[in-house]
Amino acid sequence: MHQKMTTRRVVQFHQIPQTIINSLNWPQNSPTHLNPQFVAKPPSILATDLIMSYFDKGLLKEARGLFDEMPERDVVAWSSMISGYTSCNHYKRAWTTFYEMMRDGVNVQPNQFTFSSVLKACKGMRSLSCGALTHGLALKHSMHGNLYVDNALMDMYATCCDGMEDAFMVFEEIKVKNAVSWTTLIAGYTHHGDGHGGLRIFKQMILEEAEPNPYSFSIAVRACASIGSHVYGKQIHAAVVKHGFESSIPVMNSILDMYCSCSHLSEADRCFHGMPERNIITWNTLIAGHEKSDPHESLNHYSLMESEGITPNCFTFTSIIAAAANMALLSFGEPVHGKILRRGLGNDLAVANALIDMYAKCGSIVNSFKIFNVMCDKDIVSWTSMMIGYGSHGYGKEAVKLFDQMIHSGIRPDRIVFVAVLHACSHAGLVNEGLRYFKSMLSDYNITPDQDIYGCVVDLLGRAGRAKEAYELIESMPFMPDESVWGAFLGACKAHKLAVLGKLAASKVLDLRPNVAGTYMMLSNIYASDGKWGDAAKMRKLMRRMVNKKEPGRSWTEVRNQIYSFVAGDKLGSHVEWVYEVVDSLVLHMKEVECNLDLHCLVHNLEDGT
DNA sequence: ATAGGGTTAG
């Protein structure tokens with residue numbers, strides 16, 4: 001009865017489905033006419049309340065319909081529309097609504113609420129031009145000095161600009177900064193990849209006795225993770241405990257992530273087990289954190305998560321698909337793919353990208369392309385993953401074709417795409433095409449080659465037997481070549497049995513970094529492939545004496561539905577004989593098909609036990 | 001009646 005009265009009030013503006021009315025937070029249980037506060041509300045306030053409730057539920061059309069039927073729209077109604085669209089990630093609509101407000105709302109003046117919401121929309125659109133325009137309008141409306149507006153301005157400049165200069169300028173002009181101002185600035189530096197800068201601001205914040213809160217701690221920990229500093233991370237972890245913020249899940253999640261990305265996995269596990277409360281991000285962080293170095297453990301965490309009744313989301317699937325890819329475990333990846341489709345998550349960009357990579361690494365390039373082909377939105381990662389897949393399967397021409405299609409579709413290539421296309425050219429023997437891409441990188445796209453790129457080009461030349469040119473390229477590099485470059489070169493020397501050149505290069509890198517055990521290993525292999533077993537043994541001896549041993553590459557294989565992990569020469573454990581059985585049958589198989597592989601070296605490695 | 005910052009994926 002009373003509810004009907006309520007309905008009738010609002011029906012003046014719009015027809016509202018009863019289900020919506022029922023789900024709103026209105027005082028439905030108390031008699032409406034006895035609630036003076038409620039009854040006294042003028043229709044425009046009621047409508048604004050309702051608009052906000054619509055946005056809370058993601059009902060954009062309903063919100064807009066009601067707004068359009070309001071006879072008088074005040075600044076609160078307009079601002080609610082703008083912030084509503086922004087909170088639903090419809091930044092463009094928020095912006096056009098603001099534009100409409102300035103054009104049509106002659107009697108409506110934007111206030112500080114309007115400006116902070118619009119600036120957030122500009123941030124969402126990554127539009128510096130809209131942001132700067134809003135900045136100008138904000139100054140015209142004397143918004144300068146409002147902390148909400150200033151903080152939003154700073155955030156907008158930090159997000160939309162390439163550098164932090166403009167954001168910092170706004171920060172400096174804020175007379176009384178609060179924790180939000182500090183956190184926004186730290187986040188700006190950190191998201192720009194300048195973790196040191198972020199930590200510098202965090203230190204300054206502590207020195208100026210601004211009180212850090214959970215928000216500032218989680219971004220400070222994120223800064224530590226981004227520079228890989230476990231030392232700073234641990235210090236901030238201690239400060240978190242001291243401030244009693246261990247109960248904040250986001251803070252603990254970022255600490256967990258920091259330990260993972262600094263390769264302190266046992267510390268991460270300890271941290272995880274000490275958490276009294278966890279959410280889906282906690283689990284995802286743990287699973288993603290183990291995916292690279294210990295994918296087997298990553299999948300263990302996943303099954304633990306499922307057994308605790310937590311529903312995996314897109315982030316979870318992306319990580320476990322990547323783990324399956326790393327282990328080339330199609331028998332795990334395929335059913336997960338099925339699960340993804342059943343949950344309707346097949347259209348998620350990151351998940352689809354992970355699936356492309358997984359199928360490629362499991363040898364099923366046809367399935368990779370099937371997924372790639374039906375994707376309606378492709379980002380640079382999709383193209384890159386497909387190109388790397390083609391490249392590793394020897395389909396260099398297809399990869400090159402994809403690169404050109406990608407450019408045609410309007411995506412600007414980054415360094416990693418060039419790694420992918422160069423890798424593909426290298427594996428397909430497309431040397432001149434590769435060199436052409438290498439040159440166009442700087443001249444057409446203004447991307448300066450880094451170590452990885454030089455490594456690819458050296459590999460490209462080296463594989464084709466053009467070791468002399470590869471060496472000349474290394475000599476011409478504008479910075480000190482690292483192990484990836486030398487590694488590529490040594491690989492070429494090994495493949496073409498160029499012991500002299502290989503020795504020369506190896507001695508160079510040993511001069512530079514005498515503690516890289518991998519180099520000794522590589523040299524030993526060069527000697528071995530050249531038949532110089534004495535020298536090879538000497539190198540291995542030298543290596544064994546070194547403290548800094550080369551991390552052995554871990555491998556996985558699946559035997560009778562069980563996953564076994566092993567390193568070359570593994571003798572421990574009761575199941576290793578299964579692994580050897582599989583390896584033996586593989587070797588036999590390769591011999592049968594007269595595979596042109598370096599079997600000599602493979603067998604040598606297995607027997608020697610390194 | 002309307003507005004802040006932080007955590008997971010190549």
# chains A, B, ... in the order shown; residues from 1 in each chain; ligands from 1

$ residues_around --residues "B:DG5" --least-positions-apart "6" --cutoff "9 Å" --atoms "only C-alpha atoms (C1' of nucleotides)" --output "VMD selection string"
chain A and resid 151 155 179 to 185 187 215 to 216

$ write_last_selection --atoms "all heavy atoms" --output "tab-separated table (two decimals), in the first residue's frame"
chain	number	residue	atom	x	y	z
A	151	ASN	N	43.62	17.00	-5.79
A	151	ASN	CA	44.06	15.61	-5.81
A	151	ASN	C	43.63	14.91	-7.11
A	151	ASN	O	44.40	14.15	-7.70
A	151	ASN	CB	43.50	14.85	-4.61
A	151	ASN	CG	44.20	15.24	-3.31
A	151	ASN	OD1	45.29	15.81	-3.34
A	151	ASN	ND2	43.57	14.96	-2.19
A	155	ASP	N	46.05	13.35	-10.03
A	155	ASP	CA	45.86	11.98	-10.51
A	155	ASP	C	45.69	11.96	-12.03
A	155	ASP	O	46.26	11.11	-12.72
A	155	ASP	CB	44.61	11.40	-9.82
A	155	ASP	CG	44.64	9.88	-9.80
A	155	ASP	OD1	45.66	9.30	-10.20
A	155	ASP	OD2	43.63	9.28	-9.37
A	179	ALA	N	46.69	12.55	3.14
A	179	ALA	CA	47.22	11.24	2.77
A	179	ALA	C	46.89	10.91	1.32
A	179	ALA	O	47.68	10.25	0.62
A	179	ALA	CB	46.66	10.17	3.70
A	180	VAL	N	45.73	11.37	0.84
A	180	VAL	CA	45.35	11.09	-0.55
A	180	VAL	C	46.33	11.76	-1.51
A	180	VAL	O	46.75	11.15	-2.50
A	180	VAL	CB	43.91	11.56	-0.82
A	180	VAL	CG1	43.51	11.29	-2.26
A	180	VAL	CG2	42.93	10.89	0.13
A	181	SER	N	46.72	13.00	-1.20
A	181	SER	CA	47.66	13.70	-2.07
A	181	SER	C	48.97	12.91	-2.16
A	181	SER	O	49.50	12.69	-3.26
A	181	SER	CB	47.97	15.10	-1.53
A	181	SER	OG	46.85	15.68	-0.91
A	182	TRP	N	49.48	12.48	-1.02
A	182	TRP	CA	50.74	11.73	-1.01
A	182	TRP	C	50.60	10.41	-1.77
A	182	TRP	O	51.42	10.06	-2.60
A	182	TRP	CB	51.17	11.44	0.43
A	182	TRP	CG	51.69	12.65	1.16
A	182	TRP	CD1	50.99	13.42	2.05
A	182	TRP	CD2	52.99	13.22	1.06
A	182	TRP	NE1	51.79	14.44	2.52
A	182	TRP	CE2	53.02	14.34	1.93
A	182	TRP	CE3	54.14	12.91	0.33
A	182	TRP	CZ2	54.17	15.14	2.08
A	182	TRP	CZ3	55.27	13.70	0.48
A	182	TRP	CH2	55.28	14.80	1.34
A	183	THR	N	49.54	9.69	-1.46
A	183	THR	CA	49.35	8.38	-2.09
A	183	THR	C	49.23	8.49	-3.60
A	183	THR	O	49.80	7.69	-4.34
A	183	THR	CB	48.09	7.70	-1.51
A	183	THR	OG1	48.16	7.74	-0.10
A	183	THR	CG2	47.97	6.28	-1.98
A	184	THR	N	48.49	9.51	-4.04
A	184	THR	CA	48.31	9.70	-5.47
A	184	THR	C	49.65	9.95	-6.16
A	184	THR	O	49.92	9.41	-7.23
A	184	THR	CB	47.35	10.89	-5.72
A	184	THR	OG1	46.14	10.66	-5.00
A	184	THR	CG2	47.03	11.05	-7.19
A	185	LEU	N	50.49	10.75	-5.51
A	185	LEU	CA	51.80	11.06	-6.09
A	185	LEU	C	52.68	9.81	-6.13
A	185	LEU	O	53.32	9.51	-7.16
A	185	LEU	CB	52.48	12.17	-5.29
A	185	LEU	CG	53.71	12.77	-5.96
A	185	LEU	CD1	53.33	13.56	-7.19
A	185	LEU	CD2	54.49	13.64	-4.99
A	187	ALA	N	51.72	6.73	-6.19
A	187	ALA	CA	51.16	5.83	-7.20
A	187	ALA	C	51.55	6.28	-8.60
A	187	ALA	O	51.87	5.46	-9.46
A	187	ALA	CB	49.65	5.77	-7.05
A	215	TYR	N	46.28	2.65	2.33
A	215	TYR	CA	46.46	2.99	0.92
A	215	TYR	C	47.91	3.33	0.62
A	215	TYR	O	48.49	2.86	-0.36
A	215	TYR	CB	45.58	4.19	0.54
A	215	TYR	CG	44.13	3.88	0.43
A	215	TYR	CD1	43.30	3.91	1.54
A	215	TYR	CD2	43.56	3.54	-0.80
A	215	TYR	CE1	41.94	3.62	1.44
A	215	TYR	CE2	42.22	3.25	-0.92
A	215	TYR	CZ	41.41	3.29	0.21
A	215	TYR	OH	40.08	3.00	0.09
A	216	SER	N	48.51	4.16	1.47
A	216	SER	CA	49.90	4.56	1.20
A	216	SER	C	50.85	3.37	1.36
A	216	SER	O	51.82	3.26	0.61
A	216	SER	CB	50.31	5.72	2.08
A	216	SER	OG	49.55	5.83	3.24

$ interface_residues --of "chain A" --to "chain B" --cutoff "7 Å" --atoms "only C-alpha atoms (C1' of nucleotides)" --output "VMD selection string"
chain A and resid 45 48 to 49 76 to 77 79 to 80 113 116 to 117 148 151 to 152 180 183 to 184 215 to 216 218 to 219 250 to 251 253 to 254 281 284 to 285 315 318 to 319 350 381

$ write_last_selection --atoms "C-alpha atoms" --output "CSV table (one decimal), in the first residue's frame"
chain,number,residue,atom,x,y,z
A,45,ILE,CA,16.1,14.7,-4.7
A,48,THR,CA,18.7,11.8,-7.8
A,49,ASP,CA,18.7,9.1,-5.1
A,76,VAL,CA,23.6,17.6,-7.8
A,77,ALA,CA,21.7,15.7,-10.4
A,79,SER,CA,27.2,15.6,-10.9
A,80,SER,CA,25.5,12.3,-10.0
A,113,PHE,CA,31.9,17.6,-6.9
A,116,SER,CA,36.5,16.0,-9.3
A,117,SER,CA,34.1,13.5,-11.1
A,148,TYR,CA,39.4,17.0,-3.8
A,151,ASN,CA,44.1,15.6,-5.8
A,152,ALA,CA,41.9,14.6,-8.8
A,180,VAL,CA,45.3,11.1,-0.5
A,183,THR,CA,49.4,8.4,-2.1
A,184,THR,CA,48.3,9.7,-5.5
A,215,TYR,CA,46.5,3.0,0.9
A,216,SER,CA,49.9,4.6,1.2
A,218,SER,CA,50.1,-0.8,-0.3
A,219,ILE,CA,51.4,1.5,-3.0
A,250,PRO,CA,44.9,-5.2,0.1
A,251,VAL,CA,48.0,-4.3,2.1
A,253,ASN,CA,48.1,-8.8,-0.9
A,254,SER,CA,50.6,-6.3,-2.1
A,281,ILE,CA,43.1,-11.4,-5.1
A,284,ASN,CA,45.4,-15.0,-7.6
A,285,THR,CA,48.5,-13.2,-6.3
A,315,PHE,CA,42.9,-13.4,-13.3
A,318,THR,CA,45.0,-16.4,-17.0
A,319,SER,CA,47.6,-17.5,-14.5
A,350,ALA,CA,43.8,-11.6,-21.2
A,381,VAL,CA,49.5,-9.0,-26.5

$ atom_distance --atom1 "atom CA of A:Leu473" --atom2 "atom CA of A:Asp414"
21.7 Å

$ select_by_dssp --residues "stretch 195-415 of chain A" --states "helix (DSSP H, G or I)" --output "NGL selection string"
:A and (195-207 or 214-226 or 230-243 or 249-261 or 265-274 or 280-291 or 295-307 or 314-326 or 330-342 or 349-361 or 365-374 or 380-392 or 396-408 or 415)

$ residues_around --residues "stretch 395-403 of chain A" --least-positions-apart "5" --cutoff "7 Å" --atoms "only C-alpha atoms (C1' of nucleotides)" --output "ChimeraX atom specification"
/A:387,390,421,424-425,427-428

$ write_last_selection --atoms "N, CA, C and O atoms" --output "mmCIF file, in the first residue's frame"
data_model
loop_
_atom_site.group_PDB
_atom_site.id
_atom_site.type_symbol
_atom_site.label_atom_id
_atom_site.label_comp_id
_atom_site.auth_asym_id
_atom_site.auth_seq_id
_atom_site.Cartn_x
_atom_site.Cartn_y
_atom_site.Cartn_z
ATOM 1 N N MET A 387 52.243 -14.288 -32.810
ATOM 2 C CA MET A 387 53.489 -14.235 -33.577
ATOM 3 C C MET A 387 54.571 -15.111 -32.948
ATOM 4 O O MET A 387 55.306 -15.810 -33.654
ATOM 5 N N TYR A 390 53.652 -18.705 -33.829
ATOM 6 C CA TYR A 390 54.055 -19.010 -35.213
ATOM 7 C C TYR A 390 55.569 -19.139 -35.301
ATOM 8 O O TYR A 390 56.094 -20.069 -35.921
ATOM 9 N N VAL A 421 58.750 -10.742 -33.688
ATOM 10 C CA VAL A 421 58.921 -10.859 -35.135
ATOM 11 C C VAL A 421 60.364 -11.239 -35.477
ATOM 12 O O VAL A 421 60.611 -12.031 -36.391
ATOM 13 N N ALA A 424 60.759 -14.873 -34.804
ATOM 14 C CA ALA A 424 60.140 -15.661 -35.870
ATOM 15 C C ALA A 424 61.036 -15.693 -37.107
ATOM 16 O O ALA A 424 61.242 -16.747 -37.716
ATOM 17 N N CYS A 425 61.574 -14.539 -37.480
ATOM 18 C CA CYS A 425 62.467 -14.476 -38.644
ATOM 19 C C CYS A 425 63.680 -15.365 -38.418
ATOM 20 O O CYS A 425 64.128 -16.085 -39.319
ATOM 21 N N HIS A 427 63.975 -18.013 -36.520
ATOM 22 C CA HIS A 427 63.689 -19.448 -36.563
ATOM 23 C C HIS A 427 63.306 -19.935 -37.947
ATOM 24 O O HIS A 427 63.347 -21.132 -38.213
ATOM 25 N N ALA A 428 62.905 -19.007 -38.822
ATOM 26 C CA ALA A 428 62.525 -19.431 -40.162
ATOM 27 C C ALA A 428 63.598 -19.083 -41.195
ATOM 28 O O ALA A 428 63.397 -19.268 -42.381
#

$ atom_distance --atom1 "atom CA of A:Ile51" --atom2 "atom CA of A:His90"
15.2 Å

$ closest_residue --among "A:Val431, A:Ile227, A:Ala238, A:Cys130" --to "A:Thr96" --atoms "only C-alpha atoms"
A:Cys130
